[in-house]
Each structure stands twice: as structure tokens, then as C-alpha cells.
$ cat query32.cif   # mmCIF, C-alpha atoms
data_work
#
loop_
_atom_site.label_atom_id
_atom_site.label_comp_id
_atom_site.auth_asym_id
_atom_site.auth_seq_id
_atom_site.Cartn_x
_atom_site.Cartn_y
_atom_site.Cartn_z
CA MET A 1392 -36.33 -51.17 26.04
CA ARG A 1393 -34.28 -48.40 24.45
CA VAL A 1394 -34.02 -48.43 20.65
CA GLN A 1395 -30.47 -47.56 19.52
CA LYS A 1396 -30.34 -45.41 16.40
CA ARG A 1397 -27.75 -46.44 13.79
CA GLU A 1398 -25.54 -43.59 12.66
CA GLY A 1399 -24.73 -43.24 8.93
CA PHE A 1400 -24.03 -40.83 6.09
CA THR A 1401 -26.82 -38.77 4.73
CA LEU A 1402 -27.20 -38.57 0.98
CA ILE A 1403 -25.80 -35.05 0.97
CA GLU A 1404 -22.76 -36.07 2.99
CA LEU A 1405 -22.11 -38.99 0.66
CA LEU A 1406 -22.30 -36.73 -2.38
CA VAL A 1407 -19.87 -34.29 -0.77
CA VAL A 1408 -17.37 -37.10 -0.09
CA ILE A 1409 -17.64 -38.34 -3.68
CA ALA A 1410 -17.16 -34.80 -4.95
CA ILE A 1411 -14.03 -34.37 -2.81
CA ILE A 1412 -12.59 -37.66 -4.08
CA ALA A 1413 -13.31 -36.63 -7.67
CA VAL A 1414 -11.54 -33.30 -7.14
CA LEU A 1415 -8.51 -35.05 -5.62
CA ILE A 1416 -8.32 -37.47 -8.55
CA ALA A 1417 -8.62 -34.56 -10.99
CA LEU A 1418 -5.75 -32.81 -9.21
CA LEU A 1419 -3.53 -35.89 -8.93
CA LEU A 1420 -4.05 -37.39 -12.38
CA PRO A 1421 -2.19 -34.64 -14.31
CA ALA A 1422 0.67 -34.89 -11.82
CA VAL A 1423 0.87 -38.66 -12.33
CA GLN A 1424 0.73 -38.25 -16.10
CA ALA A 1425 3.42 -35.56 -15.95
CA ALA A 1426 5.64 -37.83 -13.87
CA ARG A 1427 5.18 -40.66 -16.35
CA GLU A 1428 5.97 -38.36 -19.29
CA ALA A 1429 9.07 -37.10 -17.47
CA ALA A 1430 10.23 -40.70 -17.12
CA ARG A 1431 9.52 -41.39 -20.81
CA ARG A 1432 11.34 -38.24 -21.85
CA SER A 1433 14.30 -39.23 -19.66
CA GLN A 1434 14.43 -42.59 -21.45
CA CYS A 1435 14.32 -40.78 -24.79
CA VAL A 1436 17.29 -38.64 -23.73
CA ASN A 1437 19.14 -41.78 -22.66
CA ASN A 1438 18.50 -43.37 -26.07
CA LEU A 1439 20.06 -40.37 -27.81
CA LYS A 1440 23.04 -40.53 -25.47
CA GLN A 1441 23.50 -44.16 -26.49
CA PHE A 1442 23.47 -43.04 -30.11
CA GLY A 1443 26.06 -40.41 -29.27
CA LEU A 1444 28.39 -43.00 -27.78
CA ALA A 1445 27.77 -45.35 -30.71
CA MET A 1446 28.44 -42.65 -33.30
CA HIS A 1447 31.72 -41.63 -31.68
CA ASN A 1448 32.85 -45.24 -31.21
CA TYR A 1449 32.05 -45.83 -34.88
CA HIS A 1450 34.04 -42.68 -35.75
CA ASP A 1451 37.04 -43.82 -33.70
CA THR A 1452 36.99 -47.25 -35.32
CA GLN A 1453 36.18 -46.32 -38.92
CA GLY A 1454 37.65 -42.82 -39.15
CA GLY A 1455 34.33 -41.08 -39.70
CA PHE A 1456 30.62 -41.18 -39.01
CA PRO A 1457 28.48 -43.69 -40.96
CA ILE A 1458 27.45 -43.04 -44.55
CA GLY A 1459 24.00 -41.47 -44.45
CA ARG A 1460 22.62 -43.72 -47.16
CA MET A 1461 23.85 -45.68 -50.13
CA GLY A 1462 22.21 -47.54 -52.95
CA LEU A 1463 19.50 -46.52 -55.38
CA GLY A 1464 20.39 -43.35 -57.27
CA PHE A 1465 23.65 -42.66 -55.46
CA LYS A 1466 25.64 -45.30 -57.39
CA TYR A 1467 27.28 -47.28 -54.61
CA PRO A 1468 28.18 -49.05 -56.89
CA THR A 1469 25.72 -49.12 -59.79
CA THR A 1470 25.81 -52.92 -60.08
CA ASP A 1471 25.15 -53.53 -56.37
CA PRO A 1472 21.48 -53.99 -55.35
CA ASN A 1473 22.31 -53.19 -51.74
CA ARG A 1474 20.44 -50.28 -50.22
CA ARG A 1475 21.88 -49.40 -46.84
CA THR A 1476 21.60 -46.58 -44.36
CA TRP A 1477 23.52 -45.46 -41.29
CA ALA A 1478 21.12 -47.52 -39.17
CA PHE A 1479 22.77 -50.77 -40.38
CA GLY A 1480 26.34 -49.73 -39.67
CA ILE A 1481 25.67 -48.38 -36.20
CA LEU A 1482 24.12 -51.62 -34.86
CA PRO A 1483 27.37 -53.22 -33.54
CA TYR A 1484 28.07 -50.03 -31.60
CA LEU A 1485 24.64 -50.20 -29.95
CA GLU A 1486 25.47 -53.67 -28.57
CA GLN A 1487 23.54 -55.24 -31.44
CA GLY A 1488 26.41 -57.16 -33.01
CA THR A 1489 24.38 -60.38 -33.23
CA LEU A 1490 21.60 -58.58 -35.08
CA TYR A 1491 24.11 -56.95 -37.41
CA ASN A 1492 25.63 -60.35 -38.21
CA ALA A 1493 22.17 -61.69 -39.07
CA ILE A 1494 21.93 -59.22 -41.97
CA ASN A 1495 23.16 -60.59 -45.29
CA SER A 1496 25.15 -57.71 -46.76
CA SER A 1497 25.20 -59.35 -50.20
CA LEU A 1498 21.41 -59.08 -50.50
CA SER A 1499 18.98 -56.22 -50.77
CA PHE A 1500 17.00 -55.47 -47.62
CA TYR A 1501 13.85 -56.12 -49.66
CA VAL A 1502 14.31 -59.88 -49.77
CA ALA A 1503 12.65 -62.30 -47.36
CA GLN A 1504 16.00 -63.53 -46.03
CA GLN A 1505 16.40 -60.25 -44.15
CA THR A 1506 13.04 -60.55 -42.39
CA THR A 1507 14.38 -61.84 -39.06
CA ALA A 1508 16.84 -59.01 -38.67
CA LEU A 1509 14.65 -56.16 -39.86
CA LYS A 1510 11.63 -57.29 -37.82
CA THR A 1511 13.67 -57.32 -34.62
CA ALA A 1512 12.81 -54.35 -32.44
CA VAL A 1513 15.80 -52.47 -30.99
CA ALA A 1514 14.63 -50.46 -27.98
CA THR A 1515 17.25 -47.76 -28.52
CA PHE A 1516 15.52 -46.73 -31.76
CA HIS A 1517 12.19 -46.11 -30.02
CA CYS A 1518 10.99 -43.17 -27.93
CA PRO A 1519 8.49 -44.37 -25.29
CA SER A 1520 6.51 -41.11 -25.59
CA ASP A 1521 5.43 -42.06 -29.12
CA PRO A 1522 2.35 -44.34 -28.92
CA GLN A 1523 3.12 -45.64 -32.41
CA SER A 1524 6.81 -46.18 -31.71
CA PHE A 1525 6.98 -49.94 -32.30
CA THR A 1526 5.38 -49.75 -35.73
CA ILE A 1527 6.23 -52.12 -38.55
CA GLU A 1528 6.38 -50.53 -41.99
CA VAL A 1529 4.29 -52.43 -44.56
CA PRO A 1530 3.37 -55.13 -42.01
CA THR A 1531 1.51 -57.33 -44.49
CA THR A 1532 4.51 -57.90 -46.76
CA ALA A 1533 7.47 -60.22 -46.49
CA ASN A 1534 9.91 -57.31 -46.30
CA ALA A 1535 8.32 -55.62 -43.28
CA ARG A 1536 10.67 -53.52 -41.15
CA TYR A 1537 10.57 -51.86 -37.76
CA GLU A 1538 10.68 -48.09 -37.87
CA GLY A 1539 12.48 -45.74 -35.48
CA ASN A 1540 12.13 -42.37 -33.77
CA TYR A 1541 15.68 -41.08 -34.27
CA LEU A 1542 16.93 -39.84 -37.63
CA VAL A 1543 20.17 -38.25 -38.80
CA ASN A 1544 20.63 -34.61 -39.78
CA TRP A 1545 20.41 -34.14 -43.55
CA GLY A 1546 20.98 -30.38 -43.63
CA SER A 1547 18.86 -27.26 -43.97
CA THR A 1548 17.18 -27.81 -47.33
CA HIS A 1549 15.80 -31.07 -48.73
CA TYR A 1550 16.46 -34.73 -49.40
CA GLY A 1551 18.38 -34.18 -52.65
CA GLN A 1552 20.81 -31.70 -51.05
CA ASP A 1553 24.25 -31.99 -52.69
CA GLN A 1554 23.73 -35.31 -54.49
CA ALA A 1555 20.76 -35.58 -56.81
CA PRO A 1556 19.72 -39.15 -57.70
CA SER A 1557 20.86 -40.08 -61.18
CA ASN A 1558 17.31 -40.87 -62.30
CA ALA A 1559 15.89 -37.41 -61.47
CA PRO A 1560 16.25 -34.15 -63.41
CA ALA A 1561 18.43 -31.51 -61.77
CA ALA A 1562 15.49 -29.10 -61.66
CA SER A 1563 13.78 -31.44 -59.21
CA TRP A 1564 16.63 -31.04 -56.68
CA PRO A 1565 17.39 -27.30 -56.66
CA ASN A 1566 20.07 -25.50 -54.68
CA PRO A 1567 19.19 -22.95 -53.42
CA PHE A 1568 15.79 -24.35 -52.56
CA THR A 1569 12.62 -22.25 -52.36
CA GLY A 1570 9.72 -23.59 -50.35
CA PRO A 1571 6.96 -22.42 -48.00
CA LEU A 1572 9.49 -20.82 -45.63
CA GLY A 1573 11.48 -18.98 -48.28
CA THR A 1574 14.75 -19.65 -50.09
CA VAL A 1575 17.60 -21.51 -48.41
CA SER A 1576 21.01 -22.57 -49.75
CA PHE A 1577 22.50 -25.89 -48.74
CA THR A 1578 25.55 -25.30 -46.53
CA GLY A 1579 26.59 -28.82 -45.66
CA ALA A 1580 25.30 -31.62 -43.44
CA PRO A 1581 26.85 -34.25 -41.14
CA PHE A 1582 25.20 -37.03 -43.17
CA THR A 1583 24.69 -37.47 -46.89
CA GLY A 1584 24.69 -40.12 -49.60
CA ASN A 1585 27.75 -42.16 -50.42
CA LEU A 1586 30.03 -40.11 -48.15
CA SER A 1587 31.30 -40.44 -44.60
CA ARG A 1588 31.97 -37.21 -42.73
CA ASN A 1589 34.59 -36.99 -39.98
CA ILE A 1590 34.94 -34.50 -37.15
CA ALA A 1591 37.37 -32.39 -39.16
CA TYR A 1592 34.37 -31.49 -41.35
CA PHE A 1593 32.67 -29.85 -38.33
CA THR A 1594 34.43 -26.50 -38.53
CA ASP A 1595 31.49 -24.82 -36.77
CA GLY A 1596 32.20 -27.05 -33.77
CA THR A 1597 30.61 -30.33 -32.77
CA SER A 1598 28.73 -28.63 -29.93
CA ASN A 1599 27.03 -26.39 -32.50
CA THR A 1600 25.96 -29.12 -34.92
CA LEU A 1601 23.01 -31.50 -34.79
CA LEU A 1602 23.66 -35.20 -35.38
CA LEU A 1603 20.27 -36.81 -34.71
CA ALA A 1604 16.81 -35.63 -33.71
CA GLU A 1605 13.44 -37.17 -32.99
CA VAL A 1606 10.65 -37.80 -35.46
CA ILE A 1607 7.18 -39.26 -35.02
CA VAL A 1608 6.86 -42.80 -36.35
CA CYS A 1609 4.22 -42.96 -39.09
CA ILE A 1610 1.92 -45.80 -40.08
CA ASP A 1611 0.60 -46.80 -43.48
CA ALA A 1612 -2.93 -46.29 -44.73
CA GLY A 1613 -3.93 -49.41 -46.63
CA SER A 1614 -1.87 -49.52 -49.81
CA GLN A 1615 -0.50 -46.01 -49.21
CA TYR A 1616 2.88 -45.98 -47.51
CA ASP A 1617 4.34 -43.39 -45.15
CA VAL A 1618 8.05 -43.96 -44.83
CA ARG A 1619 8.96 -41.31 -42.25
CA GLY A 1620 10.98 -43.20 -39.65
CA ASP A 1621 11.70 -46.23 -41.87
CA VAL A 1622 15.34 -46.13 -40.75
CA TYR A 1623 16.60 -49.09 -42.78
CA ASN A 1624 15.23 -47.70 -46.06
CA ASP A 1625 17.30 -45.40 -48.28
CA ASP A 1626 14.32 -44.05 -50.23
CA ILE A 1627 12.62 -40.63 -49.96
CA PRO A 1628 12.96 -39.55 -47.08
CA CYS A 1629 13.01 -42.36 -44.57
CA THR A 1630 16.08 -42.17 -42.44
CA MET A 1631 16.77 -38.47 -42.14
CA PHE A 1632 15.26 -35.16 -41.04
CA MET A 1633 15.85 -31.74 -42.56
CA ALA A 1634 16.07 -28.40 -40.75
CA TYR A 1635 14.26 -26.45 -43.46
CA THR A 1636 11.27 -26.30 -41.11
CA PRO A 1637 11.61 -25.97 -37.30
CA PRO A 1638 10.78 -28.71 -34.77
CA ASN A 1639 7.10 -29.71 -34.71
CA SER A 1640 6.44 -27.36 -37.59
CA THR A 1641 2.85 -26.56 -38.52
CA ILE A 1642 3.95 -26.70 -42.15
CA PRO A 1643 3.25 -30.18 -43.60
CA ASP A 1644 6.20 -32.38 -44.43
CA GLN A 1645 6.77 -32.83 -48.15
CA ASN A 1646 7.22 -36.55 -48.30
CA GLY A 1647 8.01 -37.50 -51.87
CA LYS A 1648 5.27 -39.89 -52.96
CA TYR A 1649 4.90 -41.62 -49.59
CA CYS A 1650 2.43 -39.51 -47.65
CA ALA A 1651 -0.28 -41.37 -45.71
CA TRP A 1652 -1.93 -38.51 -43.85
CA PRO A 1653 -4.44 -38.39 -42.28
CA GLN A 1654 -3.78 -41.75 -40.69
CA GLY A 1655 -3.48 -42.49 -36.99
CA LEU A 1656 -1.21 -39.96 -35.33
CA ASN A 1657 0.79 -39.23 -38.48
CA PRO A 1658 1.93 -35.60 -38.80
CA LYS A 1659 0.59 -33.66 -41.76
CA CYS A 1660 2.31 -34.31 -45.07
CA ILE A 1661 1.86 -33.81 -48.79
CA ASN A 1662 3.19 -35.73 -51.75
CA GLY A 1663 5.83 -33.87 -53.69
CA THR A 1664 9.52 -33.23 -54.24
CA PRO A 1665 12.00 -32.01 -53.21
CA ALA A 1666 11.18 -33.82 -50.00
CA PHE A 1667 11.75 -32.37 -46.55
CA VAL A 1668 10.77 -33.75 -43.14
CA ALA A 1669 10.78 -31.87 -39.83
CA ALA A 1670 11.99 -33.13 -36.48
CA ARG A 1671 8.91 -33.94 -34.40
CA SER A 1672 7.99 -35.52 -31.07
CA PHE A 1673 5.16 -36.12 -28.62
CA HIS A 1674 7.03 -34.23 -25.90
CA SER A 1675 5.32 -31.01 -24.94
CA GLY A 1676 6.91 -27.98 -26.57
CA GLY A 1677 9.86 -29.39 -28.49
CA VAL A 1678 12.16 -32.25 -29.43
CA ASN A 1679 15.25 -33.94 -28.03
CA ALA A 1680 18.30 -33.86 -30.28
CA LEU A 1681 21.87 -35.16 -30.19
CA LEU A 1682 24.73 -32.75 -30.89
CA GLY A 1683 28.05 -33.68 -32.42
CA ASP A 1684 29.88 -33.55 -29.10
CA GLY A 1685 27.63 -36.29 -27.71
CA SER A 1686 25.45 -33.99 -25.60
CA VAL A 1687 21.64 -34.14 -25.75
CA LYS A 1688 19.51 -31.00 -25.56
CA PHE A 1689 15.81 -30.22 -25.66
CA PHE A 1690 15.03 -27.77 -28.45
CA LYS A 1691 11.82 -25.79 -28.18
CA SER A 1692 9.39 -25.74 -31.07
CA SER A 1693 9.62 -21.95 -30.89
CA ILE A 1694 13.34 -21.89 -31.75
CA SER A 1695 14.17 -19.46 -34.54
CA VAL A 1696 14.18 -21.35 -37.82
CA ASN A 1697 17.42 -19.60 -38.79
CA THR A 1698 19.09 -20.83 -35.60
CA TRP A 1699 17.76 -24.34 -36.21
CA ARG A 1700 19.16 -24.29 -39.75
CA ALA A 1701 22.49 -22.97 -38.52
CA LEU A 1702 22.67 -25.86 -36.06
CA SER A 1703 22.12 -28.29 -38.93
CA SER A 1704 25.25 -27.13 -40.75
CA PRO A 1705 28.68 -28.41 -39.65
CA ASN A 1706 30.61 -25.80 -41.62
CA GLY A 1707 28.29 -22.96 -42.61
CA GLY A 1708 30.29 -20.40 -40.69
CA GLU A 1709 27.26 -19.13 -38.75
CA VAL A 1710 27.74 -17.48 -35.36
CA ILE A 1711 25.26 -19.14 -32.98
CA ASP A 1712 24.33 -17.55 -29.67
CA ALA A 1713 23.94 -20.33 -27.10
CA SER A 1714 21.13 -18.36 -25.42
CA SER A 1715 19.03 -18.74 -28.57
CA PHE A 1716 18.47 -22.47 -28.07
#
$ encode --input "query32.cif" --output "C-alpha cells"
Amino acid sequence: MRVQKREGFTLIELLVVIAIIAVLIALLLPAVQAAREAARRSQCVNNLKQFGLAMHNYHDTQGGFPIGRMGLGFKYPTTDPNRRTWAFGILPYLEQGTLYNAINSSLSFYVAQQTTALKTAVATFHCPSDPQSFTIEVPTTANARYEGNYLVNWGSTHYGQDQAPSNAPAASWPNPFTGPLGTVSFTGAPFTGNLSRNIAYFTDGTSNTLLLAEVIVCIDAGSQYDVRGDVYNDDIPCTMFMAYTPPNSTIPDQNGKYCAWPQGLNPKCINGTPAFVAARSFHSGGVNALLGDGSVKFFKSSISVNTWRALSSPNGGEVIDASSF
């Protein structure tokens, strides 16, 4: 009888096959991750476009863009406990009319009656590239709120800009402002306290002026709060970014008294005033931002800080070369 030998892989052949598969996975995985990030970034761009439509619909209906913030310190009015930001007023124009109607405008957002509304996640406020995007500020308290990745442009200097809170000395809110990147004078901003700006204010042109940009949502560290991205909060500096530092700046944000870094993926920050917060994102190399004409552009982290500041001003009179951003 003939004995039939059974063919099979040798150990060396098996190891070679495994090595080839490992190389293929190593080559394909970055491509898959890049494709996923491209999809996330596309969704982020779409979110900003939705904000652009909402802002302009609000402008057409109300005669101007939303008030940047009102309440504590800005006397709107002094007897009213309400503390509101642009994020409240824009909700009906983001197809969130039911959520807007659930907010009791006669009460402060700190009270428990507002919990349902402020704990409701609105996808348009969240960039899918940010792993902390759906973060609830102060989650253990009754007044917990969802944060957001898109903040309004507060100008080229700091939080105090042209309206210092009534309970702070003028020296704490200087203009011009001198910080780690030199001295800068405030030359206007699309959003501010207690005022609504209209398109007539944009003498530099809406296509040359930032409306909103991305930030990284921050999480708290125990009893220490980090309010960057707390879009419903009017305090320092929750609902706005400043162009004093460029996108994804290596310079720490100066975050009033609400710095909880290091914690999670929070960007670097220090406690101190005047407060300024940079536009930041988890996209490689820059941030998405909405311009006043409704267009969305990707701005590289390497953009000249002077160009970035010029883009933050609606009426600074700067000449901006489109090839510089």
C-alpha cells in the first residue's frame, strides 16, 4: 500500500504569511483612520454651515446677530438674574424650537427647572472628532449643562474687551492688552456683551471676518471647573474664543479662575485675568471656522497671528491677502 503524504504549511511559511498580513494591516489601518477622520471633519464643516444659516436667519428676523452674552456684570438689566448667551437665542434657527420653548426665560439657567433643556444634547454643537465632545459641565450638580465645540468670535484681545464687568477694576481689563504674544489693541468683534451687531458693522467685509470657530470641550477635575465650551454660561470665558493667540496655540489659555488642566484631553491653561482662549480642534493641522458670509474654511495652525487677529475684527480696516489663509 502507498502512504499518501499530507501537504501543509511549514512553520517558516506560516510565519511569513502572518508577517504579510501584519504588514497589510499596518498599511491599511492609517488609511481607514484617515477616511474616518475625513468623514468626521466633513460633519464638523456641515455643523458650522448650519450655524451660518442659523446666524443669517436670526439676522434677517431680528435685524442683527445674537447678543454675545448678557447678565452678570454687563447690567442687562441689573435687577434681572438671567444670564444668557448667543447659544440660547440661536436654538430656534437650528430647528430646536421645542428645546428653546422648554427654557424658562424668567429664571436663571442655574436653577433645577432648566435641567431638562440644558442637559439635552444638540448634535450641531458637537464636533465628532473631539472624543470629549458630549461632555456635561459639572455633571454631579443639579444645574449640569452640555458643552459645545463651536464658540463665537470675541475679538483679538481678551474676554473684557470693550465692556469691563462692573465688579472688576478697569486695570484688570486693559486696552491695549499686553500678554505673552505682545501688545494688541481691541479693534472690534462680531460678538460682545449686551450688544447685537448687524452686517453694517462688518466694514471689512463678511468674507474677511470670523463668526465662529472650534474649541476643544474641556472636562472638570473634581471640584475644579473648566468652563471652556460651556456655551450656555456667560461667565469667564465659556462661550467665546479670542484671536489673541493663533489656532491650536502652544501658549496656554488664560482661563480666569476656571482652569482644570491637566485633566483628560484638556488643552493647557492657567488661572488668571484678563482671560483669553484660543480656537482649538482635534483635526490635524488646524481648525474649521465660519466666516460672516456663511462660508466655512479650514485655517492652519501655522497661520500668521496678525492675519488671524485681522480676521477677528469686522471693522479694523486691515488689508487681508486671501493667499495668507
$ resolve_selection --input "query32.cif" --expression "the PyMOL selection byres ((chain A and resi 1518) around 12)" --output "PyMOL selection string"
chain A and resi 1428+1430-1439+1513-1517+1519-1526+1538-1542+1604-1608+1620+1671-1674+1678-1679
$ atom_distance --input "query32.cif" --atom1 "CA of Lys1691 in chain A" --atom2 "CA of Pro1658 in chain A"
17.5 Å
$ resolve_selection --input "query32.cif" --expression "the PyMOL selection byres ((chain A and resi 1597) around 7)" --output "list in words"
Phe1593, Asp1595, Gly1596, Ser1598, Asn1599, Thr1600, Leu1682, Gly1683 and Asp1684 of chain A
$ resolve_selection --input "query32.cif" --expression "the PyMOL selection byres ((chain A and resi 1696) around 8)" --output "list in words"
Ala1634, Tyr1635, Thr1636, Pro1637, Ile1694, Ser1695, Asn1697, Thr1698, Trp1699 and Arg1700 of chain A
$ atom_distance --input "query32.cif" --atom1 "CA of Val1710 in chain A" --atom2 "CA of Thr1594 in chain A"
11.7 Å
$ atom_distance --input "query32.cif" --atom1 "CA of Ser1499 in chain A" --atom2 "CA of Leu1601 in chain A"
29.7 Å
$ residues_around --input "query32.cif" --residues "Pro1628 in chain A" --least-positions-apart "6" --cutoff "7 Å" --atoms "all atoms listed in the file" --output "PyMOL selection string"
chain A and resi 1550+1618-1619+1646+1666
$ closest_residue --input "query32.cif" --among "A:Pro1457, A:Gly1488, A:Gly1579, A:Gly1570" --to "Gly1708 in chain A" --atoms "all atoms listed in the file"
A:Gly1579
$ closest_residue --input "query32.cif" --among "A:Ala1670, A:Leu1444, A:Ala1680, A:Ile1642" --to "Leu1485 in chain A" --atoms "all atoms listed in the file"
A:Leu1444
$ residues_around --input "query32.cif" --residues "Gln1487 in chain A" --least-positions-apart "3" --cutoff "12 Å" --atoms "all atoms listed in the file" --output "tab-separated table (two decimals) with C-alpha atoms, in the frame of the given file"
chain	number	residue	atom	x	y	z
A	1445	ALA	CA	27.77	-45.35	-30.71
A	1478	ALA	CA	21.12	-47.52	-39.17
A	1479	PHE	CA	22.77	-50.77	-40.38
A	1480	GLY	CA	26.34	-49.73	-39.67
A	1481	ILE	CA	25.67	-48.38	-36.20
A	1482	LEU	CA	24.12	-51.62	-34.86
A	1483	PRO	CA	27.37	-53.22	-33.54
A	1484	TYR	CA	28.07	-50.03	-31.60
A	1490	LEU	CA	21.60	-58.58	-35.08
A	1491	TYR	CA	24.11	-56.95	-37.41
A	1492	ASN	CA	25.63	-60.35	-38.21
A	1493	ALA	CA	22.17	-61.69	-39.07
A	1494	ILE	CA	21.93	-59.22	-41.97
A	1508	ALA	CA	16.84	-59.01	-38.67
A	1511	THR	CA	13.67	-57.32	-34.62
A	1512	ALA	CA	12.81	-54.35	-32.44
A	1513	VAL	CA	15.80	-52.47	-30.99
A	1514	ALA	CA	14.63	-50.46	-27.98
A	1515	THR	CA	17.25	-47.76	-28.52
A	1516	PHE	CA	15.52	-46.73	-31.76
$ residues_around --input "query32.cif" --residues "Leu1586 in chain A" --least-positions-apart "6" --cutoff "9 Å" --atoms "only C-alpha atoms" --output "list in words"
Pro1457, Ile1458, Gly1459, Arg1460 and Met1461 of chain A
$ closest_residue --input "query32.cif" --among "A:Ala1580, A:Leu1419, A:Ala1669, A:Ala1612" --to "Ser1703 in chain A" --atoms "only C-alpha atoms"
A:Ala1580
$ decode --input "query32.cif" --residues "range 1486-1514 of chain A" --atoms "N, CA and C atoms" --output "mmCIF file, in the first residue's frame"
data_model
loop_
_atom_site.group_PDB
_atom_site.id
_atom_site.type_symbol
_atom_site.label_atom_id
_atom_site.label_comp_id
_atom_site.auth_asym_id
_atom_site.auth_seq_id
_atom_site.Cartn_x
_atom_site.Cartn_y
_atom_site.Cartn_z
ATOM 1 N N GLU A 1486 -33.432 74.511 14.220
ATOM 2 C CA GLU A 1486 -34.535 73.555 14.285
ATOM 3 C C GLU A 1486 -34.668 72.958 15.677
ATOM 4 N N GLN A 1487 -34.426 73.793 16.680
ATOM 5 C CA GLN A 1487 -34.544 73.376 18.074
ATOM 6 C C GLN A 1487 -35.555 74.260 18.805
ATOM 7 N N GLY A 1488 -36.648 74.566 18.110
ATOM 8 C CA GLY A 1488 -37.669 75.430 18.700
ATOM 9 C C GLY A 1488 -38.304 74.823 19.937
ATOM 10 N N THR A 1489 -38.520 73.510 19.937
ATOM 11 C CA THR A 1489 -39.114 72.852 21.107
ATOM 12 C C THR A 1489 -38.199 72.967 22.314
ATOM 13 N N LEU A 1490 -36.899 72.778 22.089
ATOM 14 C CA LEU A 1490 -35.934 72.913 23.179
ATOM 15 C C LEU A 1490 -35.899 74.347 23.681
ATOM 16 N N TYR A 1491 -35.934 75.290 22.779
ATOM 17 C CA TYR A 1491 -35.926 76.709 23.164
ATOM 18 C C TYR A 1491 -37.146 77.044 24.025
ATOM 19 N N ASN A 1492 -38.296 76.495 23.653
ATOM 20 C CA ASN A 1492 -39.523 76.765 24.402
ATOM 21 C C ASN A 1492 -39.521 76.105 25.779
ATOM 22 N N ALA A 1493 -38.665 75.097 25.958
ATOM 23 C CA ALA A 1493 -38.573 74.434 27.263
ATOM 24 C C ALA A 1493 -37.755 75.244 28.268
ATOM 25 N N ILE A 1494 -37.058 76.276 27.800
ATOM 26 C CA ILE A 1494 -36.247 77.116 28.680
ATOM 27 C C ILE A 1494 -37.120 78.218 29.262
ATOM 28 N N ASN A 1495 -37.113 78.355 30.559
ATOM 29 C CA ASN A 1495 -37.885 79.393 31.237
ATOM 30 C C ASN A 1495 -37.058 80.672 31.281
ATOM 31 N N SER A 1496 -37.406 81.632 30.437
ATOM 32 C CA SER A 1496 -36.605 82.848 30.310
ATOM 33 C C SER A 1496 -36.731 83.779 31.510
ATOM 34 N N SER A 1497 -37.645 83.470 32.427
ATOM 35 C CA SER A 1497 -37.772 84.300 33.627
ATOM 36 C C SER A 1497 -36.895 83.801 34.769
ATOM 37 N N LEU A 1498 -36.194 82.684 34.529
ATOM 38 C CA LEU A 1498 -35.354 82.097 35.574
ATOM 39 C C LEU A 1498 -33.901 82.043 35.125
ATOM 40 N N SER A 1499 -33.010 82.051 36.099
ATOM 41 C CA SER A 1499 -31.601 81.869 35.814
ATOM 42 C C SER A 1499 -31.354 80.451 35.297
ATOM 43 N N PHE A 1500 -30.324 80.280 34.488
ATOM 44 C CA PHE A 1500 -30.028 78.937 33.998
ATOM 45 C C PHE A 1500 -29.464 78.055 35.092
ATOM 46 N N TYR A 1501 -29.179 78.607 36.267
ATOM 47 C CA TYR A 1501 -28.621 77.825 37.363
ATOM 48 C C TYR A 1501 -29.670 76.971 38.082
ATOM 49 N N VAL A 1502 -30.930 77.273 37.909
ATOM 50 C CA VAL A 1502 -31.943 76.597 38.707
ATOM 51 C C VAL A 1502 -32.305 75.237 38.109
ATOM 52 N N ALA A 1503 -32.820 74.369 38.967
ATOM 53 C CA ALA A 1503 -33.096 72.984 38.562
ATOM 54 C C ALA A 1503 -34.168 72.901 37.477
ATOM 55 N N GLN A 1504 -35.053 73.909 37.405
ATOM 56 C CA GLN A 1504 -36.115 73.862 36.403
ATOM 57 C C GLN A 1504 -35.591 73.882 34.973
ATOM 58 N N GLN A 1505 -34.351 74.296 34.785
ATOM 59 C CA GLN A 1505 -33.776 74.364 33.447
ATOM 60 C C GLN A 1505 -33.050 73.074 33.058
ATOM 61 N N THR A 1506 -33.014 72.099 33.985
ATOM 62 C CA THR A 1506 -32.183 70.919 33.784
ATOM 63 C C THR A 1506 -32.521 70.173 32.495
ATOM 64 N N THR A 1507 -33.802 69.965 32.220
ATOM 65 C CA THR A 1507 -34.200 69.201 31.040
ATOM 66 C C THR A 1507 -33.648 69.822 29.770
ATOM 67 N N ALA A 1508 -33.781 71.121 29.659
ATOM 68 C CA ALA A 1508 -33.336 71.798 28.442
ATOM 69 C C ALA A 1508 -31.826 71.782 28.315
ATOM 70 N N LEU A 1509 -31.134 72.109 29.394
ATOM 71 C CA LEU A 1509 -29.684 72.292 29.305
ATOM 72 C C LEU A 1509 -28.931 70.963 29.306
ATOM 73 N N LYS A 1510 -29.597 69.877 29.674
ATOM 74 C CA LYS A 1510 -28.978 68.557 29.593
ATOM 75 C C LYS A 1510 -29.338 67.834 28.304
ATOM 76 N N THR A 1511 -30.009 68.514 27.404
ATOM 77 C CA THR A 1511 -30.366 67.918 26.117
ATOM 78 C C THR A 1511 -29.252 68.180 25.119
ATOM 79 N N ALA A 1512 -28.664 67.126 24.595
ATOM 80 C CA ALA A 1512 -27.570 67.269 23.639
ATOM 81 C C ALA A 1512 -28.118 67.691 22.276
ATOM 82 N N VAL A 1513 -27.514 68.700 21.694
ATOM 83 C CA VAL A 1513 -27.840 69.154 20.341
ATOM 84 C C VAL A 1513 -26.642 68.814 19.460
ATOM 85 N N ALA A 1514 -26.831 67.894 18.525
ATOM 86 C CA ALA A 1514 -25.707 67.369 17.748
ATOM 87 C C ALA A 1514 -24.950 68.464 17.013
#
